[in-house]
file query_9.txt (compact mmCIF, C-alpha atoms)
# COMPACT_ATOMS: atom_id res chain seq x y z
CA MET A 17 -26.40 14.16 20.59
CA ALA A 18 -25.27 14.56 17.04
CA ALA A 19 -27.26 15.86 14.10
CA PHE A 20 -27.19 13.33 11.27
CA ASP A 21 -28.26 14.81 7.98
CA LEU A 22 -27.87 11.96 5.51
CA ASP A 23 -29.85 12.17 2.32
CA PHE A 24 -28.34 10.67 -0.81
CA THR A 25 -28.67 8.17 -3.62
CA LEU A 26 -25.87 5.85 -4.55
CA GLN A 27 -25.81 3.76 -7.70
CA GLN A 28 -23.44 0.81 -7.94
CA GLY A 29 -23.98 -1.12 -11.15
CA GLU A 30 -27.50 -2.51 -10.93
CA PHE A 31 -27.82 -1.74 -7.23
CA ARG A 32 -29.35 1.53 -6.14
CA LEU A 33 -29.38 2.81 -2.57
CA ALA A 34 -31.77 5.60 -1.65
CA PHE A 35 -30.90 6.78 1.84
CA SER A 36 -32.61 9.50 3.77
CA VAL A 37 -32.24 10.04 7.52
CA ASN A 38 -32.42 13.36 9.27
CA VAL A 39 -32.26 12.90 13.00
CA GLU A 40 -30.50 13.88 16.22
CA ALA A 41 -29.09 10.83 17.96
CA ARG A 42 -26.15 9.49 19.91
CA ALA A 43 -25.99 6.22 18.05
CA LEU A 44 -27.60 5.34 14.76
CA ALA A 45 -28.03 1.68 13.87
CA LEU A 46 -28.34 0.63 10.25
CA PHE A 47 -30.15 -2.65 10.35
CA GLY A 48 -30.93 -5.04 7.53
CA ALA A 49 -30.09 -8.24 5.75
CA SER A 50 -26.80 -8.78 3.99
CA GLY A 51 -26.71 -7.02 0.60
CA SER A 52 -29.35 -4.49 1.64
CA GLY A 53 -26.96 -1.54 1.27
CA LYS A 54 -25.95 -0.90 4.90
CA THR A 55 -22.21 -1.00 4.28
CA SER A 56 -22.54 1.16 1.17
CA ALA A 57 -24.33 3.79 3.25
CA LEU A 58 -21.54 3.70 5.85
CA GLU A 59 -18.86 3.98 3.18
CA ALA A 60 -20.65 6.93 1.60
CA VAL A 61 -20.38 8.76 4.93
CA ALA A 62 -16.68 7.82 5.18
CA GLY A 63 -16.12 9.12 1.64
CA LEU A 64 -15.10 5.74 0.25
CA ARG A 65 -18.10 5.76 -2.10
CA THR A 66 -19.41 8.82 -3.86
CA PRO A 67 -23.19 9.27 -4.10
CA GLN A 68 -24.67 10.40 -7.41
CA ARG A 69 -26.59 13.10 -5.64
CA GLY A 70 -27.56 14.28 -2.20
CA ARG A 71 -26.12 15.65 0.97
CA ILE A 72 -24.16 14.26 3.91
CA ALA A 73 -23.57 16.32 7.03
CA VAL A 74 -22.73 15.32 10.59
CA ASN A 75 -23.25 17.85 13.37
CA GLY A 76 -23.53 20.64 10.86
CA ARG A 77 -20.26 19.77 9.19
CA LEU A 78 -20.92 19.32 5.49
CA LEU A 79 -19.08 16.34 3.99
CA PHE A 80 -20.90 15.98 0.68
CA ASP A 81 -23.36 18.09 -1.25
CA SER A 82 -23.92 17.40 -4.93
CA ASP A 83 -25.75 20.69 -5.51
CA ARG A 84 -22.95 22.75 -4.00
CA ARG A 85 -20.26 20.46 -5.44
CA VAL A 86 -18.84 19.71 -2.02
CA ASN A 87 -17.04 16.39 -1.63
CA THR A 88 -14.68 16.49 1.33
CA SER A 89 -11.67 14.20 0.84
CA VAL A 90 -11.55 10.96 2.84
CA ARG A 91 -8.61 12.18 4.90
CA SER A 92 -10.37 15.39 5.90
CA ARG A 93 -13.75 13.90 6.80
CA ARG A 94 -12.88 13.05 10.41
CA THR A 95 -14.89 9.87 10.26
CA GLY A 96 -13.35 7.00 12.21
CA TYR A 97 -14.14 3.92 10.16
CA VAL A 98 -13.93 0.35 11.42
CA PRO A 99 -14.75 -1.95 8.50
CA GLN A 100 -16.15 -5.42 8.99
CA ASP A 101 -12.82 -6.99 8.01
CA ILE A 102 -11.17 -4.66 10.57
CA LEU A 103 -7.93 -4.29 8.57
CA LEU A 104 -5.40 -3.57 11.27
CA PHE A 105 -2.10 -2.73 9.60
CA PRO A 106 -0.33 -6.11 9.67
CA HIS A 107 3.20 -4.67 9.72
CA LEU A 108 2.59 -2.54 12.81
CA ASN A 109 2.06 -3.69 16.38
CA VAL A 110 -1.01 -2.77 18.42
CA ARG A 111 0.41 0.48 19.79
CA GLU A 112 1.61 1.61 16.35
CA ASN A 113 -1.82 0.84 14.91
CA VAL A 114 -3.62 2.78 17.63
CA VAL A 115 -1.49 5.92 17.31
CA TYR A 116 -1.43 5.88 13.49
CA GLY A 117 -3.88 8.79 13.15
CA LEU A 118 -1.95 11.99 13.53
CA ARG A 119 -4.79 14.50 13.53
CA GLU A 120 -4.67 17.25 16.05
CA GLY A 121 -7.83 18.38 17.76
CA ASN A 122 -10.39 16.60 19.85
CA ARG A 123 -8.71 13.25 20.05
CA PRO A 124 -9.15 11.34 23.30
CA ASP A 125 -6.31 10.83 25.73
CA LEU A 126 -4.48 7.58 24.91
CA ARG A 127 -4.68 6.40 28.55
CA VAL A 128 -8.42 6.87 28.59
CA LEU A 129 -8.76 4.86 25.38
CA VAL A 130 -6.50 2.09 26.64
CA GLU A 131 -8.56 1.81 29.80
CA LEU A 132 -11.94 2.05 28.12
CA LEU A 133 -11.11 -0.58 25.52
CA GLU A 134 -9.00 -2.74 27.86
CA LEU A 135 -5.90 -2.60 25.72
CA ALA A 136 -3.21 -2.30 28.41
CA THR A 137 -1.90 -5.84 28.01
CA LEU A 138 -2.19 -5.77 24.22
CA MET A 139 -0.21 -2.68 23.34
CA ASP A 140 3.07 -4.42 22.44
CA ARG A 141 1.49 -7.44 20.77
CA ARG A 142 1.66 -8.18 17.07
CA VAL A 143 -1.74 -7.85 15.46
CA ALA A 144 -1.55 -11.35 13.98
CA SER A 145 -1.68 -12.75 17.52
CA LEU A 146 -4.96 -11.05 18.48
CA SER A 147 -8.37 -12.68 18.78
CA GLY A 148 -11.39 -11.34 16.89
CA GLY A 149 -12.64 -9.31 19.85
CA GLU A 150 -9.19 -7.89 20.56
CA ARG A 151 -8.79 -6.87 16.94
CA GLN A 152 -12.15 -5.14 17.06
CA ARG A 153 -11.18 -3.18 20.18
CA VAL A 154 -7.82 -2.18 18.71
CA ALA A 155 -9.49 -1.03 15.49
CA MET A 156 -11.97 1.06 17.48
CA ALA A 157 -9.10 2.63 19.44
CA ARG A 158 -7.23 3.37 16.22
CA ALA A 159 -10.28 5.07 14.72
CA LEU A 160 -11.01 7.02 17.91
CA TYR A 161 -7.42 8.18 18.42
CA SER A 162 -7.62 10.04 15.10
CA GLY A 163 -10.15 12.37 16.77
CA PRO A 164 -13.20 11.63 14.63
CA ASP A 165 -16.45 13.60 14.67
CA VAL A 166 -18.31 10.32 14.21
CA LEU A 167 -17.34 6.66 14.53
CA LEU A 168 -18.53 4.34 11.76
CA LEU A 169 -18.65 0.64 12.60
CA ASP A 170 -19.50 -2.18 10.24
CA GLU A 171 -20.83 -5.24 12.09
CA PRO A 172 -18.63 -4.72 15.16
CA LEU A 173 -19.74 -8.01 16.72
CA ALA A 174 -19.42 -10.17 13.64
CA ALA A 175 -15.90 -11.42 14.33
CA VAL A 176 -16.41 -11.77 18.09
CA ASP A 177 -17.29 -14.97 19.96
CA LEU A 178 -20.65 -14.91 21.67
CA PRO A 179 -19.29 -14.79 25.28
CA ARG A 180 -17.04 -11.83 24.46
CA ARG A 181 -19.68 -9.74 22.74
CA ARG A 182 -20.70 -8.08 25.99
CA ARG A 183 -17.26 -6.44 26.24
CA ILE A 184 -17.60 -4.91 22.79
CA VAL A 185 -21.11 -3.68 23.57
CA ASP A 186 -19.80 -2.12 26.81
CA ALA A 187 -17.01 -0.48 24.81
CA LEU A 188 -19.55 0.93 22.36
CA LEU A 189 -21.60 2.35 25.22
CA GLY A 190 -18.42 3.84 26.72
CA ILE A 191 -17.51 5.47 23.43
CA ARG A 192 -21.02 6.84 23.09
CA ASP A 193 -21.41 8.10 26.67
CA GLU A 194 -17.95 8.69 28.19
CA LEU A 195 -16.13 9.91 25.08
CA SER A 196 -19.31 11.43 23.61
CA VAL A 197 -18.39 10.28 20.11
CA PRO A 198 -21.54 9.68 18.05
CA LEU A 199 -21.81 6.31 16.32
CA ILE A 200 -23.26 5.01 13.11
CA TYR A 201 -23.10 1.29 13.00
CA VAL A 202 -24.21 -1.46 10.77
CA THR A 203 -25.67 -4.60 12.26
CA HIS A 204 -27.92 -7.51 11.51
CA LEU A 205 -28.39 -8.38 15.20
CA PRO A 206 -31.55 -6.84 16.71
CA GLU A 207 -30.32 -7.03 20.33
CA GLU A 208 -27.19 -5.08 19.47
CA ALA A 209 -29.24 -2.37 17.82
CA LEU A 210 -31.57 -2.26 20.82
CA THR A 211 -28.76 -1.98 23.38
CA VAL A 212 -26.61 0.67 21.79
CA ALA A 213 -28.67 2.70 19.35
CA ASP A 214 -31.18 5.41 20.11
CA TRP A 215 -32.26 5.53 16.49
CA ALA A 216 -32.56 2.63 14.09
CA VAL A 217 -32.90 2.57 10.34
CA LEU A 218 -34.19 -0.57 8.70
CA ILE A 219 -32.89 -1.04 5.16
CA ASP A 220 -34.11 -3.54 2.63
CA ASN A 221 -32.80 -3.88 -0.90
CA GLY A 222 -31.45 -0.35 -1.07
CA ARG A 223 -34.52 1.33 0.46
CA ILE A 224 -35.29 2.54 3.95
CA VAL A 225 -38.39 0.65 5.10
CA ALA A 226 -38.55 2.00 8.65
CA SER A 227 -36.77 4.63 10.73
CA GLY A 228 -37.32 5.49 14.37
CA PRO A 229 -36.57 4.49 17.97
CA PRO A 230 -35.16 0.94 17.94
CA ARG A 231 -38.07 -0.62 19.88
CA ASP A 232 -40.51 0.64 17.28
CA VAL A 233 -38.45 -0.31 14.30
CA MET A 234 -36.79 -3.61 15.10
CA PRO A 235 -38.55 -6.85 14.19
CA ALA A 236 -40.47 -8.18 17.20
CA ASP A 237 -38.23 -11.22 17.54
CA MET B 20 43.06 -16.82 -7.52
CA THR B 21 45.11 -14.10 -9.19
CA ALA B 22 44.83 -10.45 -8.28
CA GLU B 23 43.25 -9.76 -11.66
CA ILE B 24 40.46 -12.26 -11.11
CA ARG B 25 39.88 -11.03 -7.58
CA ASP B 26 39.65 -7.44 -8.88
CA ILE B 27 37.18 -8.47 -11.61
CA ALA B 28 34.97 -10.23 -9.04
CA ILE B 29 35.06 -7.28 -6.65
CA PHE B 30 34.49 -4.70 -9.41
CA THR B 31 31.54 -6.64 -10.82
CA THR B 32 29.90 -7.05 -7.42
CA VAL B 33 30.38 -3.38 -6.52
CA ALA B 34 29.12 -2.25 -9.95
CA ALA B 35 26.06 -4.52 -9.67
CA LEU B 36 25.33 -3.17 -6.18
CA ALA B 37 25.68 0.40 -7.47
CA ALA B 38 23.40 -0.45 -10.40
CA THR B 39 20.84 -1.88 -7.98
CA ALA B 40 20.99 1.32 -5.92
CA VAL B 41 20.59 3.41 -9.08
CA MET B 42 17.56 1.45 -10.31
CA LEU B 43 15.82 1.26 -6.94
CA VAL B 44 14.15 4.69 -6.73
CA PRO B 45 12.99 4.99 -10.37
CA GLY B 46 12.11 1.29 -10.41
CA VAL B 47 9.90 1.50 -7.31
CA ALA B 48 8.31 4.75 -8.54
CA ILE B 49 7.48 3.29 -11.96
CA ALA B 50 6.24 0.04 -10.39
CA TRP B 51 3.91 2.00 -8.10
CA LEU B 52 2.62 4.14 -10.96
CA LEU B 53 1.89 1.08 -13.08
CA ALA B 54 0.20 -0.71 -10.19
CA ARG B 55 -1.86 2.15 -8.80
CA ARG B 56 -2.44 4.88 -11.35
CA ARG B 57 -4.15 5.26 -14.69
CA PHE B 58 -2.50 7.78 -16.96
CA PRO B 59 -2.26 8.48 -20.67
CA GLY B 60 0.51 6.49 -22.29
CA LYS B 61 0.57 3.84 -19.57
CA ALA B 62 0.70 1.03 -22.14
CA ILE B 63 3.70 2.72 -23.77
CA VAL B 64 5.53 3.02 -20.44
CA GLU B 65 4.75 -0.64 -19.67
CA THR B 66 6.17 -1.67 -23.02
CA VAL B 67 9.26 0.52 -22.89
CA VAL B 68 10.32 -0.64 -19.44
CA SER B 69 9.99 -4.28 -20.55
CA LEU B 70 11.93 -3.81 -23.79
CA PRO B 71 15.37 -4.58 -22.33
CA LEU B 72 14.02 -8.02 -21.35
CA VAL B 73 13.30 -9.01 -24.94
CA MET B 74 15.61 -6.87 -27.06
CA PRO B 75 19.07 -8.21 -27.90
CA PRO B 76 21.26 -6.79 -25.11
CA VAL B 77 23.75 -5.67 -27.75
CA ALA B 78 21.02 -3.49 -29.28
CA THR B 79 20.28 -1.97 -25.87
CA GLY B 80 24.02 -1.35 -25.57
CA LEU B 81 24.06 0.39 -28.92
CA MET B 82 21.22 2.67 -27.85
CA LEU B 83 23.06 3.49 -24.65
CA LEU B 84 26.23 4.14 -26.66
CA TRP B 85 24.32 6.62 -28.80
CA LEU B 86 22.66 8.27 -25.77
CA PHE B 87 25.82 8.58 -23.69
CA SER B 88 28.50 9.23 -26.32
CA ARG B 89 29.88 12.76 -26.28
CA ARG B 90 27.65 13.76 -29.15
CA GLY B 91 24.62 11.97 -27.74
CA PRO B 92 21.78 13.78 -25.97
CA LEU B 93 22.78 12.67 -22.46
CA GLY B 94 26.51 12.19 -23.02
CA GLY B 95 26.68 15.77 -24.33
CA LEU B 96 25.22 17.08 -21.06
CA PHE B 97 27.71 15.09 -18.99
CA ASP B 98 30.54 16.16 -21.29
CA ARG B 99 29.77 19.80 -20.56
CA ILE B 100 30.44 19.26 -16.86
CA GLY B 101 33.56 17.25 -17.66
CA ILE B 102 32.17 13.77 -17.05
CA GLU B 103 32.81 11.03 -19.55
CA ILE B 104 30.56 8.00 -19.48
CA VAL B 105 31.32 5.68 -22.39
CA PHE B 106 34.05 3.08 -21.70
CA THR B 107 34.22 4.01 -18.02
CA PRO B 108 33.00 2.15 -14.93
CA ALA B 109 29.98 4.50 -14.97
CA ALA B 110 28.96 2.98 -18.32
CA VAL B 111 29.10 -0.47 -16.72
CA VAL B 112 26.74 0.66 -13.95
CA ILE B 113 24.36 2.29 -16.45
CA ALA B 114 24.23 -0.80 -18.67
CA MET B 115 23.63 -3.02 -15.63
CA SER B 116 20.88 -0.71 -14.34
CA VAL B 117 19.01 -0.61 -17.63
CA MET B 118 19.15 -4.38 -17.99
CA GLY B 119 18.15 -5.05 -14.38
CA LEU B 120 15.38 -2.44 -14.15
CA PRO B 121 12.60 -4.45 -15.87
CA LEU B 122 12.98 -7.31 -13.41
CA LEU B 123 12.83 -4.95 -10.44
CA ILE B 124 9.77 -3.17 -11.86
CA ARG B 125 7.87 -6.39 -12.60
CA THR B 126 8.44 -7.86 -9.16
CA ALA B 127 7.81 -4.62 -7.27
CA ARG B 128 4.67 -3.95 -9.30
CA ALA B 129 3.29 -7.36 -8.34
CA GLY B 130 4.10 -6.45 -4.74
CA PHE B 131 2.15 -3.17 -4.92
CA GLU B 132 -0.77 -4.91 -6.60
CA GLN B 133 -0.94 -7.40 -3.73
CA VAL B 134 -1.34 -4.62 -1.16
CA THR B 135 -5.08 -4.33 -0.76
CA ARG B 136 -6.36 -0.83 -1.48
CA ARG B 137 -8.49 -1.08 1.65
CA TYR B 138 -5.44 -0.67 3.93
CA GLU B 139 -4.66 2.55 2.10
CA GLN B 140 -8.26 3.72 2.42
CA ILE B 141 -8.22 3.07 6.16
CA ALA B 142 -5.02 5.12 6.47
CA GLU B 143 -6.80 7.93 4.60
CA THR B 144 -9.77 7.82 6.96
CA LEU B 145 -7.24 8.25 9.78
CA GLY B 146 -6.08 11.51 8.20
CA ALA B 147 -3.02 10.32 6.26
CA GLY B 148 -2.11 12.19 3.07
CA PRO B 149 -0.87 10.46 -0.09
CA TRP B 150 2.82 10.45 0.88
CA ARG B 151 2.13 9.15 4.39
CA VAL B 152 -0.14 6.43 3.00
CA PHE B 153 2.60 5.40 0.58
CA SER B 154 5.51 5.52 3.00
CA THR B 155 3.81 3.99 6.04
CA VAL B 156 1.37 1.50 4.48
CA THR B 157 1.93 0.72 0.80
CA LEU B 158 5.72 0.64 0.79
CA PRO B 159 6.21 -1.43 3.96
CA LEU B 160 3.60 -3.95 2.81
CA ALA B 161 5.36 -4.28 -0.57
CA THR B 162 8.90 -4.33 0.84
CA ARG B 163 9.45 -8.07 0.48
CA ASN B 164 8.59 -7.97 -3.19
CA ILE B 165 10.70 -4.87 -3.74
CA LEU B 166 13.69 -6.57 -2.11
CA ALA B 167 13.07 -9.71 -4.15
CA GLY B 168 12.95 -7.54 -7.28
CA ALA B 169 16.12 -5.71 -6.30
CA MET B 170 17.84 -9.04 -5.79
CA LEU B 171 16.70 -10.21 -9.23
CA GLY B 172 17.88 -6.93 -10.75
CA PHE B 173 21.22 -7.38 -8.98
CA SER B 174 21.53 -10.93 -10.34
CA ARG B 175 20.74 -9.71 -13.84
CA ALA B 176 23.30 -6.91 -13.43
CA LEU B 177 25.98 -9.41 -12.35
CA GLY B 178 25.56 -11.44 -15.52
CA GLU B 179 25.18 -8.51 -17.88
CA PHE B 180 27.26 -8.93 -21.02
CA GLY B 181 25.85 -7.64 -24.32
CA ALA B 182 25.04 -4.05 -23.37
CA THR B 183 28.14 -3.73 -21.18
CA ILE B 184 30.63 -4.76 -23.83
CA VAL B 185 29.18 -2.28 -26.34
CA VAL B 186 28.97 0.74 -24.06
CA ALA B 187 31.85 0.02 -21.65
CA GLY B 188 34.15 -2.38 -23.52
CA SER B 189 36.42 -4.86 -21.78
CA ILE B 190 39.22 -2.74 -20.39
CA PRO B 191 41.24 -4.76 -17.85
CA GLY B 192 41.24 -3.13 -14.44
CA ARG B 193 38.64 -0.57 -15.54
CA THR B 194 35.47 -1.96 -17.10
CA ARG B 195 36.02 -5.70 -17.27
CA THR B 196 33.21 -7.56 -15.51
CA LEU B 197 32.73 -11.27 -14.76
CA ALA B 198 30.70 -11.94 -17.90
CA VAL B 199 32.89 -9.85 -20.16
CA GLY B 200 35.98 -11.38 -18.49
CA ILE B 201 34.79 -14.93 -19.20
CA TYR B 202 34.35 -14.00 -22.86
CA SER B 203 37.70 -12.20 -23.12
CA PHE B 204 39.65 -14.99 -21.36
CA THR B 205 38.01 -17.64 -23.53
CA GLU B 206 38.74 -15.68 -26.69
CA THR B 207 42.42 -15.45 -25.75
CA GLY B 208 42.72 -19.12 -24.74
CA GLN B 209 43.00 -18.47 -20.98
CA ASP B 210 40.57 -21.25 -20.17
CA ARG B 211 41.61 -21.68 -16.54
CA GLN B 212 40.98 -18.00 -15.80
CA ALA B 213 37.63 -18.22 -17.58
CA ALA B 214 36.70 -21.30 -15.56
CA ILE B 215 37.46 -19.58 -12.26
CA LEU B 216 35.31 -16.59 -13.26
CA LEU B 217 32.58 -19.01 -14.28
CA VAL B 218 32.58 -20.65 -10.85
CA ILE B 219 32.47 -17.24 -9.14
CA SER B 220 29.58 -16.09 -11.39
CA VAL B 221 27.55 -19.21 -10.76
CA SER B 222 28.11 -18.98 -7.00
CA ILE B 223 27.06 -15.33 -6.67
CA ALA B 224 24.07 -15.75 -8.98
CA PHE B 225 22.96 -18.89 -7.14
CA VAL B 226 22.95 -17.13 -3.77
CA ALA B 227 21.21 -14.03 -5.18
CA VAL B 228 18.42 -15.96 -6.91
CA LEU B 229 17.96 -18.19 -3.85
CA ALA B 230 17.57 -15.10 -1.66
CA SER B 231 15.22 -13.46 -4.16
CA ASN B 232 13.00 -16.52 -4.33
CA ARG B 233 12.86 -16.80 -0.58
CA MET B 234 11.82 -13.16 -0.21
CA ALA B 235 9.18 -13.44 -2.92
CA ARG B 236 7.78 -16.54 -1.19
CA GLU B 237 7.60 -14.82 2.18
CA ALA B 238 6.01 -11.73 0.66

call {"tool": "encode", "arguments": {"input": "query_9.txt", "output": "structure tokens"}}
result
Amino acid sequence: MAAFDLDFTLQQGEFRLAFSVNVEARALALFGASGSGKTSALEAVAGLRTPQRGRIAVNGRLLFDSDRRVNTSVRSRRTGYVPQDILLFPHLNVRENVVYGLREGNRPDLRVLVELLELATLMDRRVASLSGGERQRVAMARALYSGPDVLLLDEPLAAVDLPRRRRIVDALLGIRDELSVPLIYVTHLPEEALTVADWAVLIDNGRIVASGPPRDVMPAD
Amino acid sequence: MTAEIRDIAIFTTVAALAATAVMLVPGVAIAWLLARRRFPGKAIVETVVSLPLVMPPVATGLMLLWLFSRRGPLGGLFDRIGIEIVFTPAAVVIAMSVMGLPLLIRTARAGFEQVTRRYEQIAETLGAGPWRVFSTVTLPLATRNILAGAMLGFSRALGEFGATIVVAGSIPGRTRTLAVGIYSFTETGQDRQAAILLVISVSIAFVAVLASNRMAREA
């Protein structure tokens, strides 16, 4: 369980995101239509966007607090971020991508990661030769190997063919349960939110419209 | 080919390579600053580094002559440690560097601008500091453009004439380059020698520009 204390407002041009979630969970799903502000919320936690005001803390570790003028730098946040466009470093092979994060501390053993994410046969491949699902797994390994306090995932199934989605979901469950790394992930697929998350936040047009256990929050269909 | 012509070709190539090496670090640094940072006076820096492209090269040479002569601000410093610049091979390298630098900066800057900021942000989320982000992400992803720019700078250095003749002269066996040699031989009626230098110049420049274009395309 991780304590998510996320309470902030973020203004981007005309768009305003008011986000407020204070919950203990293993995996938090941010669910909503495209343009609702899910990715902005994720990037605020990663430090890639700066809220106008509010507070962001994960497991008691304060990352942002406008009142106390705390704004931890991106590199010191210990948030493993896997964006929707994945962005593996194109000039490095899979292994070099995975071991890019140099942080000391609670990073998982490389062998465990390779096994969990089924990367053994991919390690010496060039990233350009990977499929969508493989890229997703490599990006998750890269983020995890930097020893993050929380893993942030933006639409982890978006670039993955339907038959291969199960493997990514299994990987997410493994990260959550075996590695005990808490997750915040953005999705627009209800079944994904239901399988992985133990708390779901429904966002619409920059506002939270529902927050609670996924079965209570997700649209019936 | 006479020994003199061979020496001119070798000297010019070596001087142009040295000039490329000299311009590489400041050129890449300035290109990165212009591509990635906002700072006061940026427009001035942009303009100054492009000036050698549009100014008469002879005028650039005159400025260098003033800067590096014994009584000049930089020449005076070198003079104090016993190094003379004007009318030496060092002056050739300096003139070539100054004339080639704008081309390197322009091409390398375009290279840095093409590297999406998001790769750098991802590296930051993985704990990389500014130098590590630059050296392991930005620089490798811009390398093709930097090499293409260096090749263009080298080509420009090879053909440099106006600034070189003012600040380094045309001393046979010491500062005479391909371009200056062509001029000097033509002036003194040695057309055959001039023609051979011409063929050598065209050949080297052709290969350098071809290579530069190929790198820029692959970038």

call {"tool": "closest_residue", "arguments": {"input": "query_9.txt", "among": "A:Pro198, A:Gly149, A:Gly163, A:Gly117", "to": "A:Glu40", "atoms": "only C-alpha atoms"}}
result
A:Pro198

call {"tool": "closest_residue", "arguments": {"input": "query_9.txt", "among": "A:Pro172, A:Pro230, A:Pro124, A:Pro206", "to": "A:Gln100", "atoms": "only C-alpha atoms"}}
result
A:Pro172

call {"tool": "closest_residue", "arguments": {"input": "query_9.txt", "among": "B:Arg137, B:Arg128, B:Leu72, B:Ile113", "to": "A:Asp101", "atoms": "all atoms listed in the file"}}
result
B:Arg137

call {"tool": "residues_around", "arguments": {"input": "query_9.txt", "residues": "stretch 171-178 of chain B", "least_positions_apart": "6", "cutoff": "8 Å", "atoms": "all atoms listed in the file", "output": "list in words"}}
result
Thr31, Thr32, Ala35, Leu36, Ala38, Thr39, Met115, Ser116, Met118, Gly119, Leu120, Pro121, Leu122, Leu123, Leu197, Ala198, Ser220, Ile223, Ala224, Ala227, Val228 and Ser231 of chain B

call {"tool": "atom_distance", "arguments": {"input": "query_9.txt", "atom1": "atom CA of B:Ala109", "atom2": "atom CA of B:Thr183"}}
result
10.5 Å

call {"tool": "atom_distance", "arguments": {"input": "query_9.txt", "atom1": "atom CA of A:Val185", "atom2": "atom CA of A:Arg153"}}
result
10.5 Å

call {"tool": "closest_atom_pairs", "arguments": {"input": "query_9.txt", "of": "chain B", "to": "chain A", "cutoff": "7 Å", "atoms": "all atoms listed in the file", "output": "JSON lines"}}
result
{"residue": "B:Tyr138", "atom": "CA", "partner": "A:Leu103", "partner_atom": "CA", "distance": 6.4}
{"residue": "B:Glu143", "atom": "CA", "partner": "A:Arg91", "partner_atom": "CA", "distance": 4.6}
{"residue": "B:Thr144", "atom": "CA", "partner": "A:Arg91", "partner_atom": "CA", "distance": 5.0}
{"residue": "B:Leu145", "atom": "CA", "partner": "A:Gly117", "partner_atom": "CA", "distance": 4.8}
{"residue": "B:Gly146", "atom": "CA", "partner": "A:Arg91", "partner_atom": "CA", "distance": 4.2}
{"residue": "B:Ala147", "atom": "CA", "partner": "A:Arg91", "partner_atom": "CA", "distance": 6.0}
{"residue": "B:Gly148", "atom": "CA", "partner": "A:Arg91", "partner_atom": "CA", "distance": 6.8}
{"residue": "B:Leu160", "atom": "CA", "partner": "A:His107", "partner_atom": "CA", "distance": 7.0}
